[in-house]
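Novice: Before I ask anything, let me first share the structure, which is written out below as structure tokens.
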Amino acid sequence: MSDTVDSFFDDYARRYTEGDVKGVTSLCHCPFVAVRRGEAIHMLDRGAVWDHFASAIAAYRRAANAETWKPVEIDSRHLGEHSVFATVHWNALDADGQLVRDTWSSYQLLATPDGWRLLSYTNHF
């Protein structure tokens, strides 16, 4: 894979920060699974993934005034050539660059002809 896991998450963070829901959705494999607050959310199509990320991005902006997301640390475990588990330590910053959220999420990625794609994520809260 020519794309590194780190560069994938840099791109993901950029799209998420820009509120580019279509761009974030394009980085996901369908079907897609999110685990939030211990509940699995199964999304069978791109429309469901789009709705999920549109809601999540808007909620973080409203609740915490999160303007910018930055990966602080990425711990990745390659599972052969075609899959990766990665845990990302994220910082969310407000418009003044102040820390408003410090959190971790884990992801499973799949190598595709178009680059890495998210199969799932789990929030650590």
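Order determines the names: the first chain of the structure tokens is A, the second B, and so forth; residues in each chain are numbered 1 upward, and ligands are numbered 1 upward as they are shown.
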Need the shell around segment 109-116 of chain A: protein/DNA/RNA residues with any atom at most 12 Å away, counting only C-alpha atoms. Skip same-chain ones fewer than 5 positions apart. Format as a PyMOL selection string?
Specialist: chain A and resi 1-9+11-12+26-30+32-33+76-87+121
Novice: Got a sec to tell me which of chain A DSSP assigns to strand (DSSP E or B), as a ChimeraX atom specification?
Specialist: /A:28-36,39-43,68-78,83-93,99-112,115-123
Novice: Just the residues within 8 Å of Thr68 of chain A, please, counting only C-alpha atoms, with nothing from its chain fewer than 6 positions along; format it as a count of residues only.
Specialist: 5
Novice: For Ala13 of chain A, find every residue with an atom within 8 Å (counting only C-alpha atoms), except residues of its own chain fewer than 5 positions away, and show them as JSON, numbers by chain.
Specialist: {"A": [69, 70, 71]}
Novice: Find the residues around segment 50-53 of chain A up to 8 Å (only C-alpha atoms counted), leave out those fewer than 5 positions away in its own chain, and share them as a ChimeraX atom specification.
Specialist: /A:21-22,24-25
Novice: Could you please determine the separation between atom CA of Trp90 of chain A and atom CA of Ser105 of chain A in Å, to one decimal place?
Specialist: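 Separating atom CA of Trp90 of chain A from atom CA of Ser105 of chain A is a distance of 7.7 Å.
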